[in-house]
>>> print(open('final36.cif').read())   # mmCIF, C-alpha atoms
data_query
#
loop_
_atom_site.label_atom_id
_atom_site.label_comp_id
_atom_site.auth_asym_id
_atom_site.auth_seq_id
_atom_site.Cartn_x
_atom_site.Cartn_y
_atom_site.Cartn_z
CA MET W 1 11.71 -11.00 -0.71
CA ASN W 2 13.87 -13.41 1.27
CA ILE W 3 13.70 -16.29 3.73
CA GLN W 4 16.57 -16.12 6.20
CA LYS W 5 17.37 -19.28 8.12
CA TYR W 6 19.04 -19.54 11.52
CA SER W 7 18.26 -15.96 12.52
CA ILE W 8 19.11 -15.08 16.12
CA HIS W 9 18.34 -11.35 16.27
CA ASP W 10 14.65 -11.28 15.32
CA GLY W 11 13.06 -12.62 18.47
CA PRO W 12 13.78 -15.40 20.97
CA GLY W 13 15.70 -18.53 20.04
CA ILE W 14 16.68 -19.69 16.57
CA ARG W 15 14.24 -18.35 14.00
CA THR W 16 13.32 -18.31 10.35
CA THR W 17 12.78 -14.70 9.25
CA VAL W 18 10.45 -14.18 6.30
CA PHE W 19 10.87 -10.79 4.60
CA LEU W 20 7.80 -9.47 2.77
CA LYS W 21 8.10 -6.76 0.12
CA GLY W 22 6.41 -3.40 0.40
CA CYS W 23 6.72 -0.59 2.96
CA PRO W 24 4.81 2.69 3.45
CA LEU W 25 7.91 4.31 4.99
CA ASN W 26 10.99 5.54 3.18
CA CYS W 27 13.59 5.75 5.95
CA TRP W 28 16.81 7.50 4.97
CA TRP W 29 18.94 4.71 6.52
CA CYS W 30 16.85 1.71 5.38
CA HIS W 31 19.19 -1.28 5.09
CA ASN W 32 16.65 -3.26 3.05
CA PRO W 33 15.82 -0.85 0.18
CA GLU W 34 14.77 -3.83 -1.94
CA SER W 35 11.84 -4.21 0.48
CA GLN W 36 10.33 -0.77 -0.19
CA LYS W 37 8.46 -1.59 -3.40
CA SER W 38 5.72 -4.22 -3.24
CA ASN W 39 6.45 -5.55 -6.71
CA PRO W 40 9.49 -7.61 -7.75
CA GLU W 41 12.46 -5.67 -9.13
CA ILE W 42 15.86 -6.21 -10.74
CA MET W 43 19.00 -5.96 -8.61
CA PHE W 44 22.21 -5.46 -10.59
CA PHE W 45 25.63 -6.47 -9.21
CA LYS W 46 28.02 -4.31 -11.22
CA GLU W 47 31.10 -5.95 -9.72
CA LYS W 48 30.04 -9.30 -11.22
CA CYS W 49 29.10 -8.01 -14.68
CA LYS W 50 31.37 -8.97 -17.60
CA SER W 51 29.69 -6.47 -19.96
CA CYS W 52 29.11 -9.31 -22.42
CA GLY W 53 25.82 -7.84 -23.66
CA LEU W 54 23.93 -11.14 -23.51
CA CYS W 55 21.24 -9.68 -21.26
CA LEU W 56 20.59 -6.96 -23.82
CA LYS W 57 20.33 -9.48 -26.66
CA MET W 58 17.98 -11.81 -24.75
CA CYS W 59 15.56 -9.15 -23.44
CA PRO W 60 12.33 -9.50 -25.47
CA GLN W 61 11.12 -6.08 -24.28
CA LYS W 62 14.26 -4.23 -25.40
CA ALA W 63 14.34 -2.79 -21.89
CA ILE W 64 18.13 -2.88 -21.50
CA GLU W 65 20.72 -0.51 -22.91
CA PHE W 66 24.43 -0.03 -22.26
CA VAL W 67 25.50 3.11 -20.43
CA ASP W 68 29.21 3.66 -19.78
CA GLY W 69 29.89 0.05 -20.59
CA TYR W 70 27.27 -1.52 -18.30
CA PRO W 71 23.65 -2.63 -18.82
CA VAL W 72 20.93 -0.34 -17.45
CA THR W 73 17.30 -1.47 -17.22
CA ASN W 74 14.42 0.79 -18.23
CA GLU W 75 11.84 -0.07 -15.55
CA GLY W 76 9.05 1.31 -17.71
CA LYS W 77 9.72 -1.30 -20.40
CA CYS W 78 10.78 -4.23 -18.21
CA ASN W 79 8.07 -6.79 -17.41
CA LEU W 80 10.37 -8.92 -15.19
CA CYS W 81 10.15 -11.93 -17.48
CA GLY W 82 13.50 -13.13 -16.12
CA LYS W 83 15.20 -13.79 -19.45
CA CYS W 84 18.10 -11.47 -18.63
CA THR W 85 18.74 -13.24 -15.32
CA ASP W 86 18.41 -16.70 -16.87
CA PHE W 87 21.10 -16.00 -19.45
CA CYS W 88 23.48 -13.97 -17.27
CA THR W 89 26.55 -16.20 -17.00
CA SER W 90 28.08 -14.16 -14.16
CA ASN W 91 24.91 -13.95 -11.99
CA ALA W 92 25.10 -10.16 -12.10
CA ARG W 93 21.31 -9.77 -12.36
CA GLU W 94 18.73 -11.00 -9.87
CA ILE W 95 14.97 -10.62 -9.55
CA ILE W 96 14.12 -9.70 -5.97
CA GLY W 97 10.68 -10.81 -4.84
CA LYS W 98 8.33 -13.64 -5.78
CA GLU W 99 4.82 -14.74 -4.95
CA MET W 100 4.38 -17.73 -2.63
CA THR W 101 1.24 -19.46 -1.45
CA VAL W 102 0.72 -20.08 2.25
CA LYS W 103 1.22 -23.79 1.57
CA ASP W 104 4.55 -23.24 -0.20
CA LEU W 105 5.81 -20.89 2.50
CA MET W 106 4.85 -23.34 5.24
CA LYS W 107 6.90 -26.02 3.49
CA GLU W 108 9.96 -23.82 3.95
CA ILE W 109 9.12 -22.85 7.53
CA ILE W 110 8.58 -26.38 8.86
CA LYS W 111 11.98 -27.52 7.55
CA ASP W 112 13.48 -25.85 10.64
CA GLU W 113 10.98 -27.00 13.28
CA ALA W 114 13.67 -29.00 15.09
CA PHE W 115 15.66 -25.78 15.64
CA TYR W 116 12.57 -23.97 16.95
CA ASP W 117 11.84 -26.77 19.40
CA GLU W 118 15.41 -26.98 20.74
CA SER W 119 15.89 -23.20 21.16
CA ASN W 120 12.35 -21.98 21.93
CA GLY W 121 12.52 -20.15 18.61
CA GLY W 122 10.03 -19.78 15.80
CA VAL W 123 9.17 -17.64 12.79
CA THR W 124 9.48 -13.87 12.39
CA PHE W 125 7.74 -11.94 9.64
CA SER W 126 9.57 -8.78 8.68
CA GLY W 127 9.96 -6.57 5.63
CA GLY W 128 9.29 -4.03 4.42
CA GLU W 129 6.14 -3.79 6.45
CA PRO W 130 4.45 -7.20 6.82
CA LEU W 131 1.12 -5.65 7.79
CA MET W 132 0.75 -4.37 4.23
CA HIS W 133 -0.23 -8.00 3.57
CA ALA W 134 -2.39 -8.53 6.68
CA ASP W 135 -4.83 -11.06 5.21
CA TYR W 136 -2.09 -13.25 3.78
CA LEU W 137 -0.06 -12.73 6.93
CA ASN W 138 -2.88 -13.92 9.15
CA ASP W 139 -3.32 -17.08 7.07
CA ILE W 140 0.34 -17.99 7.49
CA LEU W 141 0.33 -17.01 11.18
CA ARG W 142 -2.67 -19.26 11.78
CA ALA W 143 -0.95 -22.12 9.98
CA CYS W 144 2.11 -21.64 12.20
CA LYS W 145 0.04 -21.53 15.38
CA ASN W 146 -1.75 -24.72 14.37
CA ARG W 147 1.65 -26.44 14.40
CA GLY W 148 2.68 -24.84 17.68
CA ILE W 149 5.30 -22.55 16.08
CA HIS W 150 6.05 -19.30 17.92
CA THR W 151 5.18 -16.25 15.79
CA THR W 152 6.70 -12.77 15.76
CA ILE W 153 5.87 -9.66 13.71
CA ASP W 154 8.56 -7.04 13.06
CA THR W 155 6.60 -3.86 12.31
CA SER W 156 6.97 -0.12 11.84
CA GLY W 157 3.48 0.23 13.29
CA TYR W 158 2.36 2.42 10.39
CA THR W 159 -0.97 0.93 9.37
CA ASP W 160 -4.64 1.16 10.24
CA TRP W 161 -5.46 -0.48 13.58
CA SER W 162 -7.88 -2.79 11.77
CA GLN W 163 -4.84 -4.52 10.21
CA PHE W 164 -3.44 -5.26 13.66
CA GLU W 165 -6.80 -6.64 14.73
CA LYS W 166 -6.62 -9.20 11.92
CA ILE W 167 -3.38 -10.73 13.16
CA ILE W 168 -3.12 -9.96 16.86
CA ASP W 169 -4.62 -13.23 18.13
CA ASN W 170 -2.16 -15.31 16.12
CA THR W 171 0.93 -13.25 17.02
CA ASP W 172 3.00 -14.21 20.06
CA LEU W 173 5.39 -11.26 19.95
CA PHE W 174 5.69 -7.84 18.30
CA LEU W 175 9.02 -6.22 17.48
CA PHE W 176 7.81 -2.62 17.28
CA ASP W 177 9.97 0.18 15.86
CA ILE W 178 10.11 3.65 17.33
CA LYS W 179 12.24 5.84 15.08
CA HIS W 180 11.48 9.39 16.24
CA MET W 181 9.14 11.03 18.76
CA ASP W 182 8.83 14.32 16.88
CA ASN W 183 6.11 14.12 14.24
CA GLU W 184 7.68 16.65 11.84
CA LYS W 185 11.11 15.03 11.98
CA HIS W 186 9.54 11.63 11.60
CA PHE W 187 7.90 12.87 8.41
CA LYS W 188 11.20 14.31 7.18
CA TYR W 189 13.27 11.15 7.68
CA MET W 190 10.62 8.46 7.16
CA GLY W 191 8.19 10.10 4.73
CA VAL W 192 5.22 9.70 7.10
CA GLY W 193 4.23 11.08 10.49
CA ASN W 194 4.32 9.11 13.73
CA THR W 195 0.83 9.74 15.17
CA VAL W 196 -0.66 6.48 13.88
CA ILE W 197 2.44 4.54 14.94
CA LEU W 198 2.36 5.74 18.55
CA GLU W 199 -1.40 5.24 18.83
CA ASN W 200 -1.10 1.67 17.56
CA LEU W 201 1.67 0.98 20.06
CA LYS W 202 -0.53 2.25 22.88
CA LYS W 203 -3.37 -0.01 21.75
CA LEU W 204 -1.12 -3.06 21.52
CA SER W 205 0.11 -2.35 25.02
CA GLU W 206 -3.44 -1.96 26.34
CA ARG W 207 -4.35 -5.30 24.74
CA GLY W 208 -1.58 -6.99 26.73
CA SER W 209 0.46 -8.02 23.70
CA ASN W 210 4.07 -9.07 24.17
CA ILE W 211 6.19 -6.20 22.79
CA TYR W 212 9.88 -5.57 22.25
CA ILE W 213 10.63 -1.96 21.28
CA ARG W 214 13.33 -1.50 18.65
CA MET W 215 14.87 1.94 18.35
CA PRO W 216 17.55 2.64 15.75
CA ILE W 217 20.05 5.27 16.90
CA ILE W 218 21.27 7.58 14.11
CA ALA W 219 23.70 10.40 14.88
CA GLY W 220 22.21 13.83 14.26
CA VAL W 221 18.77 12.38 13.55
CA ASN W 222 17.32 10.93 16.75
CA ASP W 223 20.16 10.66 19.29
CA ASP W 224 19.62 14.06 20.96
CA ASP W 225 18.54 14.32 24.60
CA LYS W 226 15.15 15.81 23.75
CA ASN W 227 14.14 12.88 21.56
CA ILE W 228 15.59 10.22 23.86
CA ASP W 229 13.90 11.74 26.92
CA ALA W 230 10.58 11.84 25.06
CA ALA W 231 10.97 8.19 24.05
CA VAL W 232 11.83 7.15 27.60
CA ASP W 233 8.81 9.03 28.99
CA PHE W 234 6.46 7.50 26.41
CA ILE W 235 7.73 3.92 26.70
CA SER W 236 7.84 3.98 30.51
CA LYS W 237 4.05 4.26 30.53
CA LEU W 238 3.57 1.17 28.34
CA ASN W 239 3.44 -2.56 28.99
CA ILE W 240 6.57 -3.67 27.14
CA ILE W 241 9.13 -6.44 27.74
CA HIS W 242 12.29 -4.57 26.83
CA VAL W 243 13.93 -2.06 24.50
CA ASN W 244 16.59 -2.86 21.91
CA LEU W 245 18.77 0.12 20.93
CA LEU W 246 20.13 -0.51 17.45
CA PRO W 247 23.23 1.53 16.47
CA TYR W 248 23.26 2.78 12.88
CA HIS W 249 25.32 0.77 10.39
CA LYS W 250 26.19 1.01 6.70
CA MET W 251 25.57 -2.59 5.69
CA GLY W 252 22.79 -1.73 3.24
CA MET W 253 24.59 0.98 1.27
CA ASP W 254 25.72 -1.26 -1.60
CA LYS W 255 22.13 -2.30 -2.23
CA TYR W 256 21.23 1.24 -3.24
CA VAL W 257 23.79 1.17 -6.04
CA ARG W 258 22.47 -2.21 -7.18
CA LEU W 259 18.93 -0.83 -7.30
CA ASN W 260 19.98 2.48 -8.89
CA LYS W 261 18.79 4.40 -5.84
CA LYS W 262 20.37 7.25 -3.86
CA TYR W 263 21.47 6.67 -0.27
CA LYS W 264 20.67 9.81 1.73
CA LEU W 265 22.97 9.31 4.73
CA SER W 266 26.27 8.78 2.93
CA GLY W 267 29.24 9.51 5.19
CA LEU W 268 27.40 9.03 8.46
CA GLU W 269 29.23 6.92 11.05
CA LYS W 270 28.08 4.42 13.66
CA PRO W 271 27.40 6.08 17.05
CA SER W 272 30.18 5.57 19.60
CA ASP W 273 29.91 3.08 22.45
CA GLU W 274 29.87 6.03 24.84
CA VAL W 275 26.82 7.55 23.15
CA MET W 276 25.00 4.21 23.10
CA ASP W 277 25.77 3.59 26.78
CA LYS W 278 24.54 7.06 27.71
CA ILE W 279 21.26 6.51 25.88
CA ALA W 280 20.83 3.03 27.37
CA ASP W 281 21.38 4.45 30.87
CA LYS W 282 18.46 6.86 30.40
CA PHE W 283 16.13 3.95 29.70
CA LYS W 284 17.52 1.82 32.53
CA LYS W 285 17.16 4.63 35.08
CA ALA W 286 13.48 4.78 34.13
CA GLY W 287 13.17 1.10 35.03
CA ILE W 288 13.05 -0.09 31.41
CA LYS W 289 14.96 -3.27 30.59
CA THR W 290 17.31 -2.24 27.80
CA LYS W 291 19.84 -3.92 25.52
CA ILE W 292 22.21 -2.42 22.96
CA GLY W 293 21.91 -4.37 19.71
CA GLY W 294 19.37 -6.89 18.44
#
>>> encode(input="final36.cif", output="structure tokens")
Amino acid sequence: MNIQKYSIHDGPGIRTTVFLKGCPLNCWWCHNPESQKSNPEIMFFKEKCKSCGLCLKMCPQKAIEFVDGYPVTNEGKCNLCGKCTDFCTSNAREIIGKEMTVKDLMKEIIKDEAFYDESNGGVTFSGGEPLMHADYLNDILRACKNRGIHTTIDTSGYTDWSQFEKIIDNTDLFLFDIKHMDNEKHFKYMGVGNTVILENLKKLSERGSNIYIRMPIIAGVNDDDKNIDAAVDFISKLNIIHVNLLPYHKMGMDKYVRLNKKYKLSGLEKPSDEVMDKIADKFKKAGIKTKIGG
């Protein structure tokens, strides 16, 4: 989906973050909605569009029509041939997602080896959910390890344990998300339960893996005392390095419009510093090293 250079919030040091498409969760606040589908898709930037109609004329599938003066793509007809993006003079249309071989991806990763060496950084694989592509992921992880590049996996934890077993030996660090401790609420806000996620986290801990816990904090969803206390109790029994508390933000909202999707948390605000400090104190009092932010 994307290769982000000079990333400093996805593990130690300066990193290259590789975002893979596809995710089994459907979090209400997802700030990368373009990562949810495994297949490539069209992103439309309405603010750039000149309504010239050239995309409509050039589409061989006749998959585009004008609605209220702007082009709308019929996903059922579109085969992502790219003609509409090639001929868009204002760059208002973009195909998100492409296939890359391990060799081609490694060419991009090793361009930044000097930064990894100087900062004790490396490569982070995120998404989406990278473990949806465990076989491919392990091939690229192995290639990184063969060059001495530090490897990190940013995961929701929602996958069969066998997928973790494929990549665990070639992964130096896991950034593991905990979004809600209540199974029913987890299903409501993420579209799946949390039983598998928590069991996988326990197993990673028992295996002695290096783990950072990432916990997004969303007002009215998971910031209540009951949920925070349950998370503190659960995490305090694990072998983890530290917890990152990530305050909710709205930075992904515009992407929903560009993908013709509905954003479910419209109007929600970032939690206050006071709320974040109170939550962080609960973790710290339990002896858990905790940081607000990535």
>>> closest_residue(input="final36.cif", among="W:Arg15, W:Lys21, W:Lys282, W:His249", to="Gly122 in chain W", atoms="only C-alpha atoms")
W:Arg15
>>> resolve_selection(input="final36.cif", expression="the PyMOL selection byres ((chain W and resi 217-221) around 6)", output="MDAnalysis selection string")
chainID W and resid 216 222:223 246:248
>>> residues_around(input="final36.cif", residues="Leu198 in chain W", least_positions_apart="3", cutoff="12 Å", atoms="all atoms listed in the file", output="PyMOL selection string")
chain W and resi 156-161+176-183+186+193-195+201-205+213+231+234-235+238
>>> residues_around(input="final36.cif", residues="Lys37 in chain W", least_positions_apart="6", cutoff="9 Å", atoms="only C-alpha atoms", output="PyMOL selection string")
chain W and resi 21-24+128
>>> residues_around(input="final36.cif", residues="Lys264 in chain W", least_positions_apart="5", cutoff="12 Å", atoms="all atoms listed in the file", output="tab-separated table (two decimals) with C-alpha atoms, in the coordinates of the input")
chain	number	residue	atom	x	y	z
W	26	ASN	CA	10.99	5.54	3.18
W	27	CYS	CA	13.59	5.75	5.95
W	28	TRP	CA	16.81	7.50	4.97
W	29	TRP	CA	18.94	4.71	6.52
W	30	CYS	CA	16.85	1.71	5.38
W	31	HIS	CA	19.19	-1.28	5.09
W	33	PRO	CA	15.82	-0.85	0.18
W	188	LYS	CA	11.20	14.31	7.18
W	189	TYR	CA	13.27	11.15	7.68
W	190	MET	CA	10.62	8.46	7.16
W	250	LYS	CA	26.19	1.01	6.70
W	252	GLY	CA	22.79	-1.73	3.24
W	253	MET	CA	24.59	0.98	1.27
W	256	TYR	CA	21.23	1.24	-3.24
>>> closest_residue(input="final36.cif", among="W:Leu20, W:Met58, W:Ala286, W:Ile197", to="Ala134 in chain W", atoms="all atoms listed in the file")
W:Leu20
>>> closest_residue(input="final36.cif", among="W:Phe115, W:Phe87, W:Phe45, W:Tyr6", to="Pro71 in chain W", atoms="only C-alpha atoms")
W:Phe45
>>> closest_residue(input="final36.cif", among="W:Ile140, W:Ile228, W:Thr17, W:Pro60", to="Lys5 in chain W", atoms="only C-alpha atoms")
W:Thr17
>>> resolve_selection(input="final36.cif", expression="the PyMOL selection byres ((chain W and resi 287-291) around 10)", output="list of chain:residue names")
W:Tyr212, W:Ile213, W:Arg214, W:Val232, W:Ile235, W:Ser236, W:Ile240, W:Ile241, W:His242, W:Val243, W:Asn244, W:Leu245, W:Leu246, W:Met276, W:Asp277, W:Ile279, W:Ala280, W:Asp281, W:Lys282, W:Phe283, W:Lys284, W:Lys285, W:Ala286, W:Ile292, W:Gly293, W:Gly294
>>> resolve_selection(input="final36.cif", expression="the PyMOL selection byres ((chain W and resi 139) around 12)", output="count of residues only")
23
>>> closest_residue(input="final36.cif", among="W:Thr16, W:Leu259, W:Gln36, W:Val67", to="Met132 in chain W", atoms="all atoms listed in the file")
W:Gln36
>>> closest_residue(input="final36.cif", among="W:Asn210, W:Ile149, W:Ile95, W:Phe187", to="Ile168 in chain W", atoms="all atoms listed in the file")
W:Asn210
>>> decode(input="final36.cif", residues="range 8-42 of chain W", atoms="N, CA and C atoms", output="PDB file, in the first residue's frame")
ATOM      1  N   ILE W   8       9.723   7.386  12.581  1.00  0.00           N
ATOM      2  CA  ILE W   8      10.327   7.381  13.917  1.00  0.00           C
ATOM      3  C   ILE W   8       9.344   6.976  15.013  1.00  0.00           C
ATOM      4  N   HIS W   9       8.158   6.495  14.620  1.00  0.00           N
ATOM      5  CA  HIS W   9       7.154   6.111  15.616  1.00  0.00           C
ATOM      6  C   HIS W   9       6.738   4.644  15.490  1.00  0.00           C
ATOM      7  N   ASP W  10       7.453   3.868  14.710  1.00  0.00           N
ATOM      8  CA  ASP W  10       7.066   2.473  14.478  1.00  0.00           C
ATOM      9  C   ASP W  10       8.149   1.507  14.916  1.00  0.00           C
ATOM     10  N   GLY W  11       8.740   1.801  16.071  1.00  0.00           N
ATOM     11  CA  GLY W  11       9.828   0.987  16.576  1.00  0.00           C
ATOM     12  C   GLY W  11      11.046   1.838  16.829  1.00  0.00           C
ATOM     13  N   PRO W  12      12.140   1.227  17.305  1.00  0.00           N
ATOM     14  CA  PRO W  12      13.334   2.001  17.667  1.00  0.00           C
ATOM     15  C   PRO W  12      14.057   2.582  16.456  1.00  0.00           C
ATOM     16  N   GLY W  13      14.662   3.753  16.653  1.00  0.00           N
ATOM     17  CA  GLY W  13      15.497   4.351  15.629  1.00  0.00           C
ATOM     18  C   GLY W  13      14.727   4.864  14.425  1.00  0.00           C
ATOM     19  N   ILE W  14      15.474   5.149  13.369  1.00  0.00           N
ATOM     20  CA  ILE W  14      14.881   5.575  12.099  1.00  0.00           C
ATOM     21  C   ILE W  14      14.535   4.329  11.301  1.00  0.00           C
ATOM     22  N   ARG W  15      13.291   4.278  10.781  1.00  0.00           N
ATOM     23  CA  ARG W  15      12.812   3.052  10.170  1.00  0.00           C
ATOM     24  C   ARG W  15      12.159   3.315   8.815  1.00  0.00           C
ATOM     25  N   THR W  16      12.100   2.278   8.027  1.00  0.00           N
ATOM     26  CA  THR W  16      11.248   2.247   6.842  1.00  0.00           C
ATOM     27  C   THR W  16      10.027   1.414   7.212  1.00  0.00           C
ATOM     28  N   THR W  17       8.832   1.989   7.067  1.00  0.00           N
ATOM     29  CA  THR W  17       7.604   1.259   7.390  1.00  0.00           C
ATOM     30  C   THR W  17       6.922   0.839   6.094  1.00  0.00           C
ATOM     31  N   VAL W  18       6.724  -0.452   5.960  1.00  0.00           N
ATOM     32  CA  VAL W  18       6.075  -1.029   4.778  1.00  0.00           C
ATOM     33  C   VAL W  18       4.646  -1.398   5.156  1.00  0.00           C
ATOM     34  N   PHE W  19       3.687  -0.769   4.491  1.00  0.00           N
ATOM     35  CA  PHE W  19       2.269  -1.019   4.779  1.00  0.00           C
ATOM     36  C   PHE W  19       1.710  -2.026   3.778  1.00  0.00           C
ATOM     37  N   LEU W  20       1.204  -3.145   4.298  1.00  0.00           N
ATOM     38  CA  LEU W  20       0.608  -4.182   3.455  1.00  0.00           C
ATOM     39  C   LEU W  20      -0.914  -4.069   3.505  1.00  0.00           C
ATOM     40  N   LYS W  21      -1.553  -4.298   2.358  1.00  0.00           N
ATOM     41  CA  LYS W  21      -3.019  -4.178   2.296  1.00  0.00           C
ATOM     42  C   LYS W  21      -3.711  -5.431   2.806  1.00  0.00           C
ATOM     43  N   GLY W  22      -4.873  -5.204   3.380  1.00  0.00           N
ATOM     44  CA  GLY W  22      -5.695  -6.300   3.872  1.00  0.00           C
ATOM     45  C   GLY W  22      -5.730  -6.350   5.384  1.00  0.00           C
ATOM     46  N   CYS W  23      -6.951  -6.373   5.960  1.00  0.00           N
ATOM     47  CA  CYS W  23      -7.089  -6.450   7.412  1.00  0.00           C
ATOM     48  C   CYS W  23      -8.391  -7.166   7.758  1.00  0.00           C
ATOM     49  N   PRO W  24      -8.357  -8.102   8.721  1.00  0.00           N
ATOM     50  CA  PRO W  24      -9.582  -8.798   9.128  1.00  0.00           C
ATOM     51  C   PRO W  24     -10.443  -7.980  10.075  1.00  0.00           C
ATOM     52  N   LEU W  25      -9.908  -6.858  10.592  1.00  0.00           N
ATOM     53  CA  LEU W  25     -10.671  -5.985  11.481  1.00  0.00           C
ATOM     54  C   LEU W  25     -11.275  -4.834  10.677  1.00  0.00           C
ATOM     55  N   ASN W  26     -12.276  -4.213  11.272  1.00  0.00           N
ATOM     56  CA  ASN W  26     -12.904  -3.045  10.658  1.00  0.00           C
ATOM     57  C   ASN W  26     -13.148  -2.008  11.760  1.00  0.00           C
ATOM     58  N   CYS W  27     -12.052  -1.484  12.314  1.00  0.00           N
ATOM     59  CA  CYS W  27     -12.130  -0.574  13.453  1.00  0.00           C
ATOM     60  C   CYS W  27     -12.825   0.727  13.062  1.00  0.00           C
ATOM     61  N   TRP W  28     -13.692   1.202  13.920  1.00  0.00           N
ATOM     62  CA  TRP W  28     -14.471   2.402  13.626  1.00  0.00           C
ATOM     63  C   TRP W  28     -13.576   3.618  13.409  1.00  0.00           C
ATOM     64  N   TRP W  29     -12.412   3.663  14.035  1.00  0.00           N
ATOM     65  CA  TRP W  29     -11.529   4.840  13.968  1.00  0.00           C
ATOM     66  C   TRP W  29     -10.315   4.603  13.057  1.00  0.00           C
ATOM     67  N   CYS W  30     -10.310   3.554  12.281  1.00  0.00           N
ATOM     68  CA  CYS W  30      -9.146   3.213  11.453  1.00  0.00           C
ATOM     69  C   CYS W  30      -8.666   4.434  10.665  1.00  0.00           C
ATOM     70  N   HIS W  31      -7.385   4.785  10.817  1.00  0.00           N
ATOM     71  CA  HIS W  31      -6.861   5.935  10.085  1.00  0.00           C
ATOM     72  C   HIS W  31      -6.160   5.522   8.790  1.00  0.00           C
ATOM     73  N   ASN W  32      -6.228   4.227   8.469  1.00  0.00           N
ATOM     74  CA  ASN W  32      -5.740   3.744   7.176  1.00  0.00           C
ATOM     75  C   ASN W  32      -6.831   2.898   6.502  1.00  0.00           C
ATOM     76  N   PRO W  33      -7.988   3.488   6.184  1.00  0.00           N
ATOM     77  CA  PRO W  33      -9.070   2.686   5.596  1.00  0.00           C
ATOM     78  C   PRO W  33      -8.697   2.082   4.248  1.00  0.00           C
ATOM     79  N   GLU W  34      -7.707   2.659   3.580  1.00  0.00           N
ATOM     80  CA  GLU W  34      -7.244   2.100   2.305  1.00  0.00           C
ATOM     81  C   GLU W  34      -6.483   0.796   2.506  1.00  0.00           C
ATOM     82  N   SER W  35      -6.231   0.435   3.767  1.00  0.00           N
ATOM     83  CA  SER W  35      -5.525  -0.818   4.052  1.00  0.00           C
ATOM     84  C   SER W  35      -6.484  -1.975   4.300  1.00  0.00           C
ATOM     85  N   GLN W  36      -7.788  -1.714   4.398  1.00  0.00           N
ATOM     86  CA  GLN W  36      -8.718  -2.756   4.827  1.00  0.00           C
ATOM     87  C   GLN W  36      -8.934  -3.830   3.771  1.00  0.00           C
ATOM     88  N   LYS W  37      -9.054  -3.431   2.514  1.00  0.00           N
ATOM     89  CA  LYS W  37      -9.216  -4.406   1.432  1.00  0.00           C
ATOM     90  C   LYS W  37      -7.855  -4.919   0.984  1.00  0.00           C
ATOM     91  N   SER W  38      -7.785  -6.208   0.656  1.00  0.00           N
ATOM     92  CA  SER W  38      -6.515  -6.775   0.198  1.00  0.00           C
ATOM     93  C   SER W  38      -6.172  -6.350  -1.222  1.00  0.00           C
ATOM     94  N   ASN W  39      -7.193  -6.097  -2.021  1.00  0.00           N
ATOM     95  CA  ASN W  39      -6.955  -5.767  -3.427  1.00  0.00           C
ATOM     96  C   ASN W  39      -6.741  -4.271  -3.616  1.00  0.00           C
ATOM     97  N   PRO W  40      -6.063  -3.872  -4.697  1.00  0.00           N
ATOM     98  CA  PRO W  40      -5.910  -2.448  -5.000  1.00  0.00           C
ATOM     99  C   PRO W  40      -7.272  -1.784  -5.176  1.00  0.00           C
ATOM    100  N   GLU W  41      -7.322  -0.470  -4.983  1.00  0.00           N
ATOM    101  CA  GLU W  41      -8.572   0.270  -5.138  1.00  0.00           C
ATOM    102  C   GLU W  41      -8.268   1.718  -5.537  1.00  0.00           C
ATOM    103  N   ILE W  42      -9.292   2.381  -6.067  1.00  0.00           N
ATOM    104  CA  ILE W  42      -9.167   3.757  -6.521  1.00  0.00           C
ATOM    105  C   ILE W  42      -9.442   4.721  -5.365  1.00  0.00           C
TER     106      ILE W  42
END
